[in-house]
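Trainee: Encoded as C-alpha cells, here's the structure I'll be asking about.
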Amino acid sequence: MFSQLVKFSLLFLLSSIHLSDAAPLETRRTRKGKNTGAATGAATTTATDGSTIIDQQVVINGLTMRFKVSAPASELVAANGAANGANAATGTLGINVLFHGDGGQSFFDFPNQGVNGGLMGVALLSPDPQLRWGGSDPQDQTGLVRPDGEAHSAAVNQLLTTELPKFVNFDSTKIFMEGVSGGSLLLSGFMLPAFGASLGVPGAVMGCGGLVPQVAVQGDLSNVRLHWQSTTDDLPDLQTSIPQAIAAYEKLASDAGLSDAQIGQLQTADASPTGGHCEFDEKDFVSGVQLLTDNYSAVINGNAALNGVTVTNSVVGNEDLFGAAGVAGAAGAAGAAGAVGSAGAGAQLTNANTKAVSGSGATRAKGLAALFRGSGRN
C-alpha cells in the first residue's frame with residue numbers, strides 16, 4: 001500500500017509540473033481573482049473619472065468580441081449600436097485600446113478606464129475560451145505560440161473600423177494601443193504587422209511581452225512610436241522573445257531609412273523595475289499594470305519615469321534588456337529573413353520577418369506631443 005501511495009504521489013507531482021510549464025504567461029505568477037461575468041449589454045457603470053463605461057459584445061467572423069469603452073456620455077451613440085441622431089459624429093478624442101494578458105485580468109480590472117491624455121479607454125476581451133489572445137498550441141510549453149493570432153487580429157481590426165464607431169464617437173487617426181503580457185504577444189506579433197499601418201496607429205506600448213512579427217508586415221511601421229516595458233525578473237521565455245522583438249522592429253525602421261537618432265526617438269525600451277512578470281511598481285502584477293497604464297501618455301511622449309527611473313531609453317544599443325543571455329537571440333532575430341509561422345513544441349520563435357516594408361521610406365519622427373495637445377491634453 002505504501003509503495004502504491006508513493007507511486008501515485010510521484011505521478012501527481014510530475015503531472016503538476018507539466019501543467020505548470022504549459023500554463024499561460026499571466027497565470028504563472030500569483031495574481032488577484034478575476035471577474036468572469038458576461039457583457040452587461042445596455043447597462044452602464046461609472047469610471048473612476050466620472051465618465052461612462054459601456055460593456056458590449058458583437059460577433060465578427062464567428063468570434064464573440066466583447067469590449068468595454070469609457071467615454072464622456074456626450075460621445076456615446078445609441079446603446080444598441082445604431083446611429084443616434086446628433087450623437088453619431090466624428091469624435092475629437094482618441095482611444096487607447098488595451099489587450100489583456102492570458103486569463104483576462106486586465107480586461108476586468110480595466111486599468112485604462114476614463115479619459116487620459118485625450119484618449120478614451122477601450123479594453124477588448126479575447127474570444128478564446130481560455131481568454132488568451134492568439135489562442136494556444138497544446139504542445140507548446142513556452143506560452144509564445146499563438147496559432148489564432150491572425151484570426152484574432154483580423155476581428156479586432158474589423159471591430160475598430162466598423163463596429164466601435166456604432167457605439168462611441170472617436171478620432172480614427174488616434175487609435176493608440178497597449179498590451180499586457182500575452183496581449184503584447186498579439187500586438188507585436190500579429191496586430192501591428194498586419195493592421196498597424198492601415199489603422200494609422202501612432203503609438204503602442206508593449207508591457208511584459210513581445211514577439212517578432214509572425215505575419216508579413218503590411219505597409220510602413222517605421223514612424224510608429226513603440227515602447228517595450230519589462231522587469232528584471234520577467235519570465236525566462238520572455239527574456240528571449242522581447243529582445244528579439246525589439247531588434248526586429250528596430251530593423252524595420254532602419255531598413256526604411258531612419259537614422260539611429262530618429263529610431264531612438266520613436267522606439268524605446270526598459271526593464272529597470274526590480275520585480276517579477278509585469279510587476280512594474282516592484283510590488284504586484286495588478287498594481288504594476290496600473291502604474292504603467294497611468295503613465296501611458298508620458299511613455300508615448302517620451303518623458304516617463306517609473307519608480308523614479310527614466311524608462312524611455314532608446315532601443316539602439318539597448319536591444320537586450322536582460323543581459324548577455326539574450327544578445328545572440330536578439331542579433332539572430334534582427335538578421336534573419338523569411339516567413340515566420342508557428343514554432344513546434346518547446347521551440348523559440350527566433351526568426352524575424354525583416355523584409356523591407358513598403359511606404360514612404362525615411363521620415364521624421366511624428367510630433368506625438370502635438371497630437372495629444374490636439375486631443376485636449378493638459
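For the C-alpha cells, the naming scheme is as follows: chains receive sequential letters (A, B, ...) according to their order of presentation, residues are indexed from 1 within each chain, and ligands are indexed from 1 in presentation order.
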Go through region 223-290 of chain A and collect every residue that DSSP, computed from the backbone, puts in helix (DSSP H, G or I); the answer should be as an mmCIF file with C-alpha atoms, in the first residue's frame.
Mentor:
```
data_model
loop_
_atom_site.group_PDB
_atom_site.id
_atom_site.type_symbol
_atom_site.label_atom_id
_atom_site.label_comp_id
_atom_site.auth_asym_id
_atom_site.auth_seq_id
_atom_site.Cartn_x
_atom_site.Cartn_y
_atom_site.Cartn_z
ATOM 1 C CA PRO A 236 12.610 33.247 -18.963
ATOM 2 C CA ASP A 237 10.953 32.742 -22.350
ATOM 3 C CA LEU A 238 10.046 36.421 -22.489
ATOM 4 C CA GLN A 239 13.619 37.362 -21.666
ATOM 5 C CA THR A 240 14.431 35.765 -25.021
ATOM 6 C CA SER A 241 11.444 36.861 -27.116
ATOM 7 C CA ILE A 242 11.301 40.520 -26.036
ATOM 8 C CA PRO A 243 14.875 41.376 -27.155
ATOM 9 C CA GLN A 244 14.193 39.561 -30.418
ATOM 10 C CA ALA A 245 11.060 41.651 -30.974
ATOM 11 C CA ILE A 246 12.885 44.889 -30.147
ATOM 12 C CA ALA A 247 15.632 44.060 -32.640
ATOM 13 C CA ALA A 248 13.127 43.110 -35.352
ATOM 14 C CA TYR A 249 11.146 46.359 -35.081
ATOM 15 C CA GLU A 250 14.338 48.381 -34.902
ATOM 16 C CA LYS A 251 15.451 46.769 -38.150
ATOM 17 C CA LEU A 252 12.162 47.638 -39.824
ATOM 18 C CA ALA A 253 12.832 51.295 -39.054
ATOM 19 C CA SER A 254 16.468 51.050 -40.098
ATOM 20 C CA ASP A 255 15.566 49.358 -43.374
ATOM 21 C CA ASP A 260 19.815 55.812 -35.157
ATOM 22 C CA ALA A 261 18.794 59.166 -33.676
ATOM 23 C CA GLN A 262 15.358 59.021 -35.304
ATOM 24 C CA ILE A 263 14.872 55.426 -34.208
ATOM 25 C CA GLY A 264 15.849 56.365 -30.669
ATOM 26 C CA GLN A 265 13.108 58.990 -30.564
ATOM 27 C CA LEU A 266 10.469 56.557 -31.767
ATOM 28 C CA PHE A 285 1.046 42.278 -11.181
ATOM 29 C CA VAL A 286 -2.211 44.234 -10.938
ATOM 30 C CA SER A 287 -0.768 47.371 -9.370
ATOM 31 C CA GLY A 288 2.207 47.177 -11.737
ATOM 32 C CA VAL A 289 -0.015 47.164 -14.798
ATOM 33 C CA GLN A 290 -1.970 50.050 -13.313
#
```
Trainee: Extract the full set of strand (DSSP E or B) residues from region 24-254 of chain A according to DSSP on the backbone, and format it as a PyMOL selection string.
Mentor: chain A and resi 41-46+52-60+63-71+76+94-99+115-116+119-125+168+175-180+203-207+225-229
Trainee: Rounded to one decimal place, report the CA of Gln214 (chain A)-CA of Phe190 (chain A) distance in Å.
Mentor: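 Between CA of Gln214 (chain A) and CA of Phe190 (chain A) the gap is 6.0 Å.
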Trainee: Go through A:Asp55, A:Asp137, A:Asp171, A:Asp284 one by one, measure the shortest atom-to-atom distance of each to Leu93 (chain A) using only C-alpha atoms, and give the residue with the smallest value.
Mentor: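 Among the listed residues, the smallest separation from Leu93 (chain A) belongs to A:Asp171.
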Trainee: Give the answer as one residue: which of A:Val315, A:His277, A:Val217, A:Gly203 has the shortest atom-to-atom distance to Val299 (chain A), using only C-alpha atoms?
Mentor: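 Smallest distance to Val299 (chain A) is found for A:Gly203.
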Trainee: Select, from A:Thr162, A:Asn157, A:Ser184, A:Ala216, the residue with the minimum atom-to-atom distance to Gln229 (chain A), counting only C-alpha atoms.
Mentor: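 Closest to Gln229 (chain A), using only C-alpha atoms: A:Ser184.
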Trainee: Would you list the contacts of Ser230 (chain A) as a PyMOL selection string, taking every protein, DNA or RNA residue within 12 Å and counting only C-alpha atoms, but skipping same-chain residues closer than 3 positions in sequence?
Mentor: chain A and resi 179-181+184+205-210+227+233-236+238-243+246+268-282+285+288-289+292+306+311-312+320-322
Trainee: Under the rule that only C-alpha atoms are counted, which of A:Ala123, A:Leu211, A:Ala305, A:Val224 is the nearest residue to Leu185 (chain A)?
Mentor: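 Answer, going by the shortest atom-to-atom distance: A:Leu211.
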Trainee: Taking only C-alpha atoms into account, name the residue in A:Asn96, A:Arg66, A:Pro111, A:Glu75 that is nearest to Thr48 (chain A).
Mentor: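 Ranked by minimum distance to Thr48 (chain A), first place goes to A:Pro111.
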Trainee: Need to verify the contact set: Leu131 (chain A), 6 Å, only C-alpha atoms, exclusion of same-chain residues closer than 4 positions in sequence. Can you return it as a PyMOL selection string?
Mentor: chain A and resi 102-104+126
Trainee: Give me the residues within 9 Å of Val115 (chain A) as a ChimeraX atom specification, counting only C-alpha atoms and dropping any in the same chain fewer than 2 places off.
Mentor: /A:49,51,70-72,93,95,112-113,117-121
Trainee: How many Å separate CA of Leu63 (chain A) from CA of Phe107 (chain A)?
Mentor: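 Calculated distance between CA of Leu63 (chain A) and CA of Phe107 (chain A) is 17.2 Å.
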Trainee: Please provide the set of residues having any atom within 10 Å of Gly196 (chain A), restricted to only C-alpha atoms, with same-chain residues fewer than 5 positions apart removed, written as a list in words.
Mentor: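 Those residues are Asn157, Ile175, Phe176, Met177, Leu187, Ser188, Phe190, Met191, Val201, Pro202, Gly203, Ala204, Val217, Gln218, Gly219, Asp220, Leu221 and Val224 of chain A.
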Trainee: If you keep C-alpha atoms, can you produce a file of those selected residues as a short mmCIF file (atom, residue, chain, number, x, y, z; two decimals), in the first residue's frame?
Mentor:
```cif
data_model
loop_
_atom_site.label_atom_id
_atom_site.label_comp_id
_atom_site.auth_asym_id
_atom_site.auth_seq_id
_atom_site.Cartn_x
_atom_site.Cartn_y
_atom_site.Cartn_z
CA ASN A 157 -9.35 45.32 -36.95
CA ILE A 175 -6.01 54.73 -32.25
CA PHE A 176 -3.27 54.01 -29.71
CA MET A 177 -2.66 50.54 -28.29
CA LEU A 187 0.06 43.21 -30.52
CA SER A 188 3.69 42.91 -31.63
CA PHE A 190 0.22 39.99 -35.34
CA MET A 191 -1.85 43.15 -34.82
CA VAL A 201 -1.65 53.54 -35.16
CA PRO A 202 0.51 56.43 -33.87
CA GLY A 203 1.88 54.57 -30.86
CA ALA A 204 1.84 51.36 -28.84
CA VAL A 217 4.43 43.30 -42.38
CA GLN A 218 1.86 45.33 -44.30
CA GLY A 219 2.75 48.94 -45.00
CA ASP A 220 5.21 51.25 -43.28
CA LEU A 221 5.60 50.93 -39.49
CA VAL A 224 5.08 54.23 -35.09
#
```
Trainee: In Å, rounded to a single decimal, give me how far CA of Gly182 (chain A) is from CA of Ile60 (chain A).
Mentor: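 Value for the CA of Ile60 (chain A)-CA of Gly182 (chain A) distance: 21.2 Å.
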Trainee: Using only C-alpha atoms, can you tell me which of A:Pro165, A:Gly62, A:Pro193, A:Gly94 comes closest to Asp128 (chain A)?
Mentor: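 Among the listed residues, A:Gly62 lies closest to Asp128 (chain A).
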